[in-house]
Amino acid sequence: MFDTMTMTKVIGGLCSTLLIFLLGAWLAEEIYHAGGHGGEQAYVIEVEDAEDQPEEAVEEVPFSVIFASASAEDGEGLWRGCRSCHALEPGQHGTGPALYGVVNRPVQYYDDFNYSGALIEAAEVWTPEELNAFIENPRGYAPGTAMSYNGMRDVEDRANLIAYLATIGE
């Protein structure tokens with residue numbers, strides 16, 4: 001049923017259809033292109049005091065307020081991204097140290113784990129605020145750290161994760 005000629009026709013049909021779509025897109029771009037092509041704009045709308053408008057100030061909420069309303073249940077779901085390198089069992093290390101009871105413990109807690117010198121210089125105790133700053137941007141917080149994680153940008157997610165970690169080892 002499917003011999004070489006039939007497959008050639010099918011592939012040729014698909015290629016020609018793709019070619020027609022590409023040519024149609026090119027033609028539509030040439031016909032309907034607004035702006036560009038090196039010409040001047042036909043009509044400019046003047047706006048008074050557009051440059052004199054003050055920018056709205058974004059009020060930054062302190063981390064302690066966000067952390068107070070954090071959900072450990074939501075943080076448990078965020079833990080999945082951490083467990084590839086860390087463990088929650090005490091003394092059981094992965095690529096990174098065990099995070100059992102990490103909140104409010106010394107940075108260099110385990111003697112059998114080789115901590116980077118950058119972490120020791122950055123903080124002495126993993127308070128929620130210190131963990132927040134580290135999880136947001138590990139390399140920015142402790143330049144030279146061995147942690148290859150790029151960081152968690154959402155402050156609520158960081159607060160939820162730290163709240164979850166605070167429940168481990170209580």
# chains A, B, ... in the order shown; residues from 1 in each chain; ligands from 1

$ residues_around --residues "A:Gly96" --least-positions-apart "4" --cutoff "9 Å" --atoms "only C-alpha atoms" --output "list of chain:residue names"
A:Cys85, A:His86, A:Ala87, A:Phe113, A:Tyr115, A:Ala146, A:Met147

$ write_last_selection --atoms "N, CA and C atoms" --output "JSON list (two decimals), in the first residue's frame"
[["chain", "number", "residue", "atom", "x", "y", "z"],
["A", 85, "CYS", "N", 19.36, 17.75, 45.49],
["A", 85, "CYS", "CA", 20.70, 17.96, 46.04],
["A", 85, "CYS", "C", 20.75, 17.86, 47.57],
["A", 86, "HIS", "N", 19.62, 18.00, 48.24],
["A", 86, "HIS", "CA", 19.59, 18.02, 49.70],
["A", 86, "HIS", "C", 18.66, 16.92, 50.22],
["A", 87, "ALA", "N", 18.88, 16.55, 51.48],
["A", 87, "ALA", "CA", 18.02, 15.57, 52.15],
["A", 87, "ALA", "C", 17.48, 16.21, 53.42],
["A", 113, "PHE", "N", 30.59, 17.44, 56.42],
["A", 113, "PHE", "CA", 30.28, 18.03, 55.12],
["A", 113, "PHE", "C", 31.28, 19.14, 54.85],
["A", 115, "TYR", "N", 31.80, 22.41, 53.64],
["A", 115, "TYR", "CA", 31.14, 23.68, 53.30],
["A", 115, "TYR", "C", 32.10, 24.58, 52.54],
["A", 146, "ALA", "N", 29.48, 27.04, 46.24],
["A", 146, "ALA", "CA", 29.46, 25.88, 45.35],
["A", 146, "ALA", "C", 28.05, 25.54, 44.90],
["A", 147, "MET", "N", 27.04, 26.19, 45.47],
["A", 147, "MET", "CA", 25.65, 25.90, 45.12],
["A", 147, "MET", "C", 25.37, 26.44, 43.72]]

$ residues_around --residues "A:Ser71" --least-positions-apart "6" --cutoff "12 Å" --atoms "only C-alpha atoms" --output "MDAnalysis selection string"
chainID A and resid 77:78 156:167

$ closest_residue --among "A:Gln108, A:Thr145, A:Asn150, A:Asn132" --to "A:Phe67" --atoms "only C-alpha atoms"
A:Asn132

$ residues_around --residues "A:Pro90" --least-positions-apart "2" --cutoff "9 Å" --atoms "only C-alpha atoms" --output "list of chain:residue names"
A:Ala87, A:Leu88, A:Gln92, A:His93, A:Ala98, A:Leu99, A:Tyr100, A:Gly101, A:Gly169

$ residues_around --residues "A:Ala133" --least-positions-apart "3" --cutoff "12 Å" --atoms "only C-alpha atoms" --output "MDAnalysis selection string"
chainID A and resid 63 122:123 126:130 136:142 151:155 158:159 162

$ write_last_selection --atoms "N, CA and C atoms" --output "PDB file, in the first residue's frame"
ATOM      1  N   PHE A  63      10.379  41.093  54.875  1.00  0.00           N
ATOM      2  CA  PHE A  63      10.270  39.642  54.783  1.00  0.00           C
ATOM      3  C   PHE A  63       9.613  39.049  56.015  1.00  0.00           C
ATOM      4  N   ALA A 122      29.487  34.586  54.709  1.00  0.00           N
ATOM      5  CA  ALA A 122      28.226  35.287  54.489  1.00  0.00           C
ATOM      6  C   ALA A 122      27.366  35.370  55.739  1.00  0.00           C
ATOM      7  N   ALA A 123      27.322  34.318  56.535  1.00  0.00           N
ATOM      8  CA  ALA A 123      26.452  34.311  57.710  1.00  0.00           C
ATOM      9  C   ALA A 123      26.976  33.317  58.733  1.00  0.00           C
ATOM     10  N   TRP A 126      21.578  30.384  60.090  1.00  0.00           N
ATOM     11  CA  TRP A 126      20.562  30.428  59.041  1.00  0.00           C
ATOM     12  C   TRP A 126      19.231  30.898  59.624  1.00  0.00           C
ATOM     13  N   THR A 127      19.110  32.198  59.825  1.00  0.00           N
ATOM     14  CA  THR A 127      17.829  32.767  60.241  1.00  0.00           C
ATOM     15  C   THR A 127      16.915  32.780  59.019  1.00  0.00           C
ATOM     16  N   PRO A 128      15.606  32.926  59.203  1.00  0.00           N
ATOM     17  CA  PRO A 128      14.724  32.998  58.028  1.00  0.00           C
ATOM     18  C   PRO A 128      15.127  34.111  57.055  1.00  0.00           C
ATOM     19  N   GLU A 129      15.580  35.240  57.573  1.00  0.00           N
ATOM     20  CA  GLU A 129      15.990  36.344  56.696  1.00  0.00           C
ATOM     21  C   GLU A 129      17.238  35.989  55.898  1.00  0.00           C
ATOM     22  N   GLU A 130      18.199  35.323  56.554  1.00  0.00           N
ATOM     23  CA  GLU A 130      19.420  34.902  55.859  1.00  0.00           C
ATOM     24  C   GLU A 130      19.108  33.842  54.804  1.00  0.00           C
ATOM     25  N   GLU A 136      17.118  33.441  47.353  1.00  0.00           N
ATOM     26  CA  GLU A 136      16.781  34.361  46.258  1.00  0.00           C
ATOM     27  C   GLU A 136      17.885  34.397  45.205  1.00  0.00           C
ATOM     28  N   ASN A 137      19.126  34.480  45.639  1.00  0.00           N
ATOM     29  CA  ASN A 137      20.250  34.553  44.706  1.00  0.00           C
ATOM     30  C   ASN A 137      21.498  34.023  45.409  1.00  0.00           C
ATOM     31  N   PRO A 138      21.728  32.706  45.371  1.00  0.00           N
ATOM     32  CA  PRO A 138      22.858  32.140  46.113  1.00  0.00           C
ATOM     33  C   PRO A 138      24.215  32.739  45.749  1.00  0.00           C
ATOM     34  N   ARG A 139      24.474  32.941  44.477  1.00  0.00           N
ATOM     35  CA  ARG A 139      25.787  33.465  44.072  1.00  0.00           C
ATOM     36  C   ARG A 139      25.930  34.951  44.398  1.00  0.00           C
ATOM     37  N   GLY A 140      24.817  35.673  44.409  1.00  0.00           N
ATOM     38  CA  GLY A 140      24.870  37.078  44.787  1.00  0.00           C
ATOM     39  C   GLY A 140      25.023  37.257  46.287  1.00  0.00           C
ATOM     40  N   TYR A 141      24.430  36.374  47.061  1.00  0.00           N
ATOM     41  CA  TYR A 141      24.497  36.444  48.517  1.00  0.00           C
ATOM     42  C   TYR A 141      25.859  35.988  49.035  1.00  0.00           C
ATOM     43  N   ALA A 142      26.354  34.902  48.479  1.00  0.00           N
ATOM     44  CA  ALA A 142      27.646  34.350  48.899  1.00  0.00           C
ATOM     45  C   ALA A 142      28.487  34.087  47.650  1.00  0.00           C
ATOM     46  N   GLY A 151      18.358  30.399  41.935  1.00  0.00           N
ATOM     47  CA  GLY A 151      17.600  31.228  42.864  1.00  0.00           C
ATOM     48  C   GLY A 151      16.108  31.144  42.617  1.00  0.00           C
ATOM     49  N   MET A 152      15.351  31.502  43.648  1.00  0.00           N
ATOM     50  CA  MET A 152      13.889  31.508  43.602  1.00  0.00           C
ATOM     51  C   MET A 152      13.462  32.971  43.671  1.00  0.00           C
ATOM     52  N   ARG A 153      12.826  33.461  42.639  1.00  0.00           N
ATOM     53  CA  ARG A 153      12.528  34.885  42.529  1.00  0.00           C
ATOM     54  C   ARG A 153      11.323  35.344  43.348  1.00  0.00           C
ATOM     55  N   ASP A 154      10.318  34.521  43.537  1.00  0.00           N
ATOM     56  CA  ASP A 154       9.093  34.925  44.212  1.00  0.00           C
ATOM     57  C   ASP A 154       9.284  34.877  45.728  1.00  0.00           C
ATOM     58  N   VAL A 155       9.087  36.006  46.400  1.00  0.00           N
ATOM     59  CA  VAL A 155       9.313  36.097  47.835  1.00  0.00           C
ATOM     60  C   VAL A 155       8.314  35.243  48.620  1.00  0.00           C
ATOM     61  N   ARG A 158       9.595  31.696  48.536  1.00  0.00           N
ATOM     62  CA  ARG A 158      10.730  31.539  49.459  1.00  0.00           C
ATOM     63  C   ARG A 158      10.239  31.448  50.896  1.00  0.00           C
ATOM     64  N   ALA A 159       9.287  32.294  51.255  1.00  0.00           N
ATOM     65  CA  ALA A 159       8.749  32.276  52.618  1.00  0.00           C
ATOM     66  C   ALA A 159       8.061  30.942  52.905  1.00  0.00           C
ATOM     67  N   ILE A 162      10.756  28.221  53.379  1.00  0.00           N
ATOM     68  CA  ILE A 162      11.444  28.367  54.666  1.00  0.00           C
ATOM     69  C   ILE A 162      10.506  27.957  55.805  1.00  0.00           C
TER      70      ILE A 162
END

$ atom_distance --atom1 "atom CA of A:Ala118" --atom2 "atom CA of A:Glu60"
27.9 Å

$ atom_distance --atom1 "atom CA of A:Phe134" --atom2 "atom CA of A:Trp79"
15.4 Å

$ closest_residue --among "A:Thr95, A:Thr17, A:Asn104, A:Thr4" --to "A:Leu131" --atoms "only C-alpha atoms"
A:Asn104
